[in-house]
$ cat start38.txt   # compact mmCIF, C-alpha atoms
# COMPACT_ATOMS: atom_id res chain seq x y z
CA MET A 1 -20.76 -16.31 14.15
CA SER A 2 -18.55 -17.79 16.87
CA LYS A 3 -16.74 -15.23 18.97
CA VAL A 4 -13.22 -16.07 20.06
CA TYR A 5 -10.94 -13.45 21.55
CA PHE A 6 -7.31 -13.11 20.54
CA ARG A 7 -4.27 -11.19 21.70
CA ARG A 8 -1.81 -9.04 19.77
CA ARG A 9 -4.44 -7.13 17.79
CA LEU A 10 -5.70 -10.20 15.97
CA PRO A 11 -9.43 -10.23 15.14
CA HIS A 12 -11.86 -10.25 18.07
CA PHE A 13 -13.90 -12.99 16.45
CA GLN A 14 -13.39 -15.90 14.12
CA PRO A 15 -16.39 -16.51 11.86
CA ASP A 16 -17.05 -20.13 11.01
CA ASN A 17 -15.61 -21.16 7.62
CA ALA A 18 -13.83 -17.82 7.32
CA VAL A 19 -11.05 -17.14 4.82
CA PHE A 20 -8.30 -14.92 6.22
CA PHE A 21 -5.85 -12.60 4.51
CA VAL A 22 -2.85 -12.39 6.85
CA THR A 23 0.31 -10.31 6.60
CA PHE A 24 3.15 -10.77 9.05
CA ARG A 25 6.51 -9.02 8.99
CA LEU A 26 10.04 -9.01 10.36
CA ILE A 27 10.83 -7.16 13.56
CA GLY A 28 11.59 -3.48 12.95
CA SER A 29 10.49 -3.57 9.30
CA ILE A 30 8.50 -0.34 9.67
CA PRO A 31 9.90 2.61 11.67
CA SER A 32 8.15 2.96 15.03
CA ASP A 33 7.27 6.61 14.39
CA VAL A 34 5.62 5.65 11.10
CA MET A 35 3.55 2.91 12.80
CA LEU A 36 2.44 5.34 15.49
CA ARG A 37 1.41 7.85 12.84
CA LEU A 38 -0.48 5.27 10.78
CA LYS A 39 -2.32 3.99 13.86
CA ALA A 40 -3.16 7.52 14.99
CA GLU A 41 -4.56 8.32 11.53
CA GLN A 42 -6.56 5.08 11.61
CA GLN A 43 -8.05 5.86 15.03
CA GLU A 44 -9.00 9.39 13.99
CA GLU A 45 -10.75 8.11 10.86
CA LYS A 46 -12.60 5.51 12.94
CA LYS A 47 -13.93 8.24 15.22
CA GLN A 48 -15.40 9.96 12.20
CA ILE A 49 -16.94 6.70 10.99
CA VAL A 50 -18.52 5.96 14.40
CA ARG A 51 -20.50 9.17 14.06
CA LEU A 52 -22.29 7.63 11.09
CA VAL A 53 -23.69 4.91 13.35
CA LYS A 54 -24.92 7.45 15.87
CA GLN A 55 -26.68 9.20 13.02
CA GLY A 56 -28.32 5.92 11.95
CA HIS A 57 -26.30 5.44 8.75
CA MET A 58 -25.27 1.80 9.25
CA ALA A 59 -24.79 0.97 5.55
CA GLU A 60 -22.57 4.01 5.07
CA HIS A 61 -20.69 3.06 8.24
CA ASN A 62 -19.89 -0.46 7.01
CA LYS A 63 -18.64 0.80 3.64
CA ALA A 64 -16.62 3.59 5.24
CA LEU A 65 -15.03 1.16 7.68
CA GLY A 66 -14.09 -1.23 4.88
CA ASP A 67 -12.61 1.61 2.82
CA GLN A 68 -10.68 2.85 5.84
CA GLN A 69 -9.18 -0.60 6.47
CA LYS A 70 -8.06 -0.81 2.84
CA ARG A 71 -6.40 2.61 3.05
CA TYR A 72 -4.60 1.65 6.25
CA PHE A 73 -3.33 -1.61 4.76
CA GLY A 74 -2.26 0.16 1.56
CA LYS A 75 -0.07 2.59 3.53
CA PHE A 76 1.21 -0.20 5.77
CA ASP A 77 2.17 -2.49 2.89
CA LYS A 78 3.70 0.35 0.88
CA TRP A 79 6.21 0.87 3.68
CA LEU A 80 6.99 -2.84 3.76
CA ASP A 81 7.58 -2.91 0.00
CA LYS A 82 10.06 -0.04 0.32
CA ALA A 83 12.10 -2.17 2.77
CA VAL A 84 13.93 0.93 3.96
CA CYS A 85 13.96 -0.07 7.63
CA GLY A 86 15.16 -3.14 9.46
CA GLU A 87 16.58 -6.40 8.17
CA ARG A 88 15.77 -8.28 4.95
CA TRP A 89 16.36 -11.77 6.30
CA LEU A 90 13.76 -13.28 3.98
CA SER A 91 16.01 -12.38 1.05
CA ASP A 92 18.31 -15.16 2.27
CA GLU A 93 17.25 -18.24 0.28
CA ARG A 94 17.80 -20.47 3.30
CA ILE A 95 15.34 -18.44 5.35
CA ALA A 96 12.84 -18.03 2.52
CA GLN A 97 12.88 -21.81 1.91
CA LEU A 98 12.38 -22.46 5.63
CA VAL A 99 9.30 -20.22 5.74
CA TYR A 100 7.99 -21.59 2.42
CA ASP A 101 8.22 -25.18 3.65
CA ALA A 102 6.71 -24.38 7.06
CA ILE A 103 3.67 -22.72 5.46
CA LEU A 104 3.12 -25.66 3.10
CA TYR A 105 3.63 -28.21 5.89
CA ARG A 106 0.59 -26.86 7.76
CA ASP A 107 -1.65 -26.99 4.67
CA ARG A 108 -4.47 -29.53 5.14
CA LYS A 109 -3.32 -30.00 8.74
CA GLN A 110 -4.31 -26.70 10.36
CA TYR A 111 -5.69 -24.73 7.42
CA ASN A 112 -6.70 -24.93 3.80
CA LEU A 113 -4.12 -22.79 2.03
CA THR A 114 -5.04 -20.69 -1.00
CA CYS A 115 -1.85 -18.74 -1.73
CA PHE A 116 1.10 -16.91 -0.22
CA THR A 117 4.13 -14.89 -1.19
CA ILE A 118 7.36 -14.29 0.72
CA MET A 119 8.86 -10.83 0.36
CA PRO A 120 12.24 -9.65 1.72
CA ASN A 121 10.72 -8.47 5.01
CA HIS A 122 7.13 -9.75 5.14
CA VAL A 123 4.77 -12.55 4.13
CA HIS A 124 1.22 -12.49 2.73
CA MET A 125 -1.01 -15.57 3.22
CA VAL A 126 -4.59 -16.47 2.33
CA PHE A 127 -6.08 -19.49 4.08
CA SER A 128 -9.09 -20.91 5.90
CA PRO A 129 -8.62 -22.66 9.28
CA LEU A 130 -9.73 -26.29 9.19
CA ASN A 131 -12.12 -28.21 11.37
CA ALA A 132 -10.11 -30.91 13.11
CA ALA A 133 -11.27 -34.46 12.45
CA GLN A 134 -10.10 -35.76 15.82
CA PRO A 135 -10.33 -34.33 19.37
CA ASP A 136 -7.24 -32.38 20.37
CA ARG A 137 -6.50 -30.63 23.63
CA SER A 138 -4.09 -28.24 21.99
CA ARG A 139 -5.02 -24.61 22.50
CA SER A 140 -4.77 -24.19 18.72
CA LYS A 141 -8.35 -25.48 18.57
CA ARG A 142 -11.56 -24.46 20.25
CA LYS A 143 -13.69 -27.16 21.92
CA SER A 144 -15.54 -27.88 18.68
CA GLY A 145 -12.24 -28.80 17.03
CA LYS A 146 -11.88 -25.63 14.97
CA TYR A 147 -8.32 -24.45 14.54
CA LEU A 148 -7.91 -20.89 15.77
CA LEU A 149 -6.12 -18.15 13.88
CA SER A 150 -4.01 -16.79 16.73
CA PRO A 151 -2.34 -20.08 17.77
CA ILE A 152 -1.85 -21.05 14.11
CA MET A 153 0.16 -17.88 13.57
CA GLU A 154 2.00 -18.23 16.88
CA SER A 155 3.03 -21.77 15.93
CA LEU A 156 4.14 -20.82 12.42
CA LYS A 157 6.02 -17.72 13.50
CA GLY A 158 7.51 -19.34 16.58
CA TYR A 159 8.92 -22.31 14.69
CA THR A 160 10.30 -20.30 11.77
CA ALA A 161 11.78 -17.67 14.10
CA GLY A 162 13.67 -20.29 16.09
CA GLU A 163 14.99 -22.10 13.02
CA ALA A 164 15.87 -18.86 11.21
CA ASN A 165 17.83 -17.61 14.20
CA LYS A 166 19.82 -20.86 14.19
CA ILE A 167 20.68 -20.34 10.52
CA LEU A 168 21.63 -16.71 11.10
CA GLY A 169 23.55 -17.43 14.29
CA ARG A 170 21.56 -14.91 16.28
CA SER A 171 19.03 -14.74 19.08
CA GLY A 172 16.14 -12.45 19.92
CA SER A 173 12.94 -11.44 18.17
CA PHE A 174 12.62 -12.32 14.50
CA TRP A 175 8.99 -11.52 13.63
CA GLN A 176 7.00 -8.51 14.73
CA HIS A 177 4.38 -9.64 17.27
CA GLU A 178 1.41 -8.01 15.55
CA SER A 179 0.00 -9.28 12.27
CA TYR A 180 -2.43 -7.64 9.87
CA ASP A 181 -5.49 -9.86 9.56
CA ARG A 182 -8.64 -9.44 7.51
CA VAL A 183 -11.66 -11.69 7.04
CA VAL A 184 -12.35 -12.04 3.30
CA ARG A 185 -15.96 -11.02 2.76
CA ASP A 186 -16.90 -12.71 -0.51
CA ALA A 187 -15.64 -14.43 -3.65
CA ASN A 188 -14.99 -11.16 -5.48
CA GLU A 189 -12.83 -9.83 -2.66
CA LEU A 190 -11.01 -13.17 -2.50
CA GLN A 191 -10.07 -12.90 -6.17
CA ARG A 192 -8.84 -9.32 -5.67
CA ILE A 193 -6.71 -10.36 -2.70
CA ILE A 194 -5.22 -13.36 -4.53
CA LYS A 195 -4.29 -11.07 -7.41
CA TYR A 196 -2.76 -8.61 -4.95
CA VAL A 197 -0.67 -11.31 -3.26
CA LEU A 198 0.60 -12.75 -6.54
CA ASN A 199 1.48 -9.32 -7.91
CA ASN A 200 3.16 -7.97 -4.79
CA PRO A 201 6.70 -8.97 -5.92
CA VAL A 202 6.05 -7.22 -9.26
CA LYS A 203 4.70 -4.09 -7.55
CA ALA A 204 7.78 -3.99 -5.31
CA GLY A 205 10.10 -4.25 -8.33
CA LEU A 206 11.47 -7.68 -7.41
CA THR A 207 10.45 -9.42 -10.65
CA ASP A 208 8.84 -8.67 -13.99
CA ARG A 209 6.11 -11.31 -13.82
CA PRO A 210 4.37 -13.01 -10.87
CA GLU A 211 5.18 -16.52 -12.10
CA LEU A 212 8.92 -15.72 -12.04
CA TRP A 213 8.98 -15.08 -8.28
CA LYS A 214 10.32 -18.23 -6.64
CA TRP A 215 8.65 -17.64 -3.29
CA THR A 216 5.03 -17.39 -4.42
CA TYR A 217 2.56 -20.25 -4.16
CA LEU A 218 -0.96 -20.61 -5.58
CA LYS A 219 -2.91 -23.81 -4.99
CA ASP A 220 -4.29 -25.51 -8.07
CA PHE A 221 -8.01 -25.99 -7.38
CA SER A 222 -8.75 -27.66 -10.74
$ encode --input "start38.txt" --output "structure tokens"
Amino acid sequence: MSKVYFRRRLPHFQPDNAVFFVTFRLIGSIPSDVMLRLKAEQQEEKKQIVRLVKQGHMAEHNKALGDQQKRYFGKFDKWLDKAVCGERWLSDERIAQLVYDAILYRDRKQYNLTCFTIMPNHVHMVFSPLNAAQPDRSRSKRKSGKYLLSPIMESLKGYTAGEANKILGRSGSFWQHESYDRVVRDANELQRIIKYVLNNPVKAGLTDRPELWKWTYLKDFS
């Protein structure tokens, strides 16, 4: 496992050949007091889980940590689906198309894309960073030529933020700095996450069927 350190609460390591589930959102899309409460709850639960390690229960610790991360994401994403705070700029077809095209443009260049969906105030993506075929001094790769998660997201969010602000005639922050990122552990979890991403617009009441949502993409691996 190759350790690479990131900023902005991204993962502290990037396993080789990892598949990532990433969620990024518009600025101000969750009230600050709610985020503080969710993070405080998460930290308190982690303290309880750490005690399992001290007691020698490593297997229980790993399961408890995984369950805790799922609970945190569930609460986090539920607030995003409500869309009761902040702007809904991604509901603008011009902005949604911009983000859609930017995500697809990077497929097979920086990552191998599995799926994504664009919601009114956030985006879910599943992808695996690629190994670069040619040397590149860009900081988006480590010395071995592996594209890194943090610069991939900075590039995608930076470009779309700038272009979206031009369309909207505004300036300032567009995306929230922090992203939710999870390494997909196995094929079963990958299938569950893909199903979650595709069904998110249905769960949020935006459409009746996943295939009717214009801003969802699933790669055909056949």
$ residues_around --input "start38.txt" --residues "range 210-222 of chain A" --least-positions-apart "4" --cutoff "12 Å" --atoms "only C-alpha atoms" --output "ChimeraX atom specification"
/A:90-101,103-104,107-108,112-120,122-127,191,194-206
$ atom_distance --input "start38.txt" --atom1 "CA of Gln43 in chain A" --atom2 "CA of Gln69 in chain A"
10.8 Å
$ closest_residue --input "start38.txt" --among "A:Asn165, A:Asn131, A:Gln176, A:Ser171" --to "Met153 in chain A" --atoms "all atoms listed in the file"
A:Gln176
$ closest_residue --input "start38.txt" --among "A:Ala102, A:Ile167, A:Val34, A:Ile193" --to "Val84 in chain A" --atoms "only C-alpha atoms"
A:Val34
$ atom_distance --input "start38.txt" --atom1 "CA of Tyr105 in chain A" --atom2 "CA of Trp89 in chain A"
20.8 Å
$ closest_residue --input "start38.txt" --among "A:Arg37, A:Lys63, A:Lys157, A:Lys109" --to "Phe174 in chain A" --atoms "all atoms listed in the file"
A:Lys157
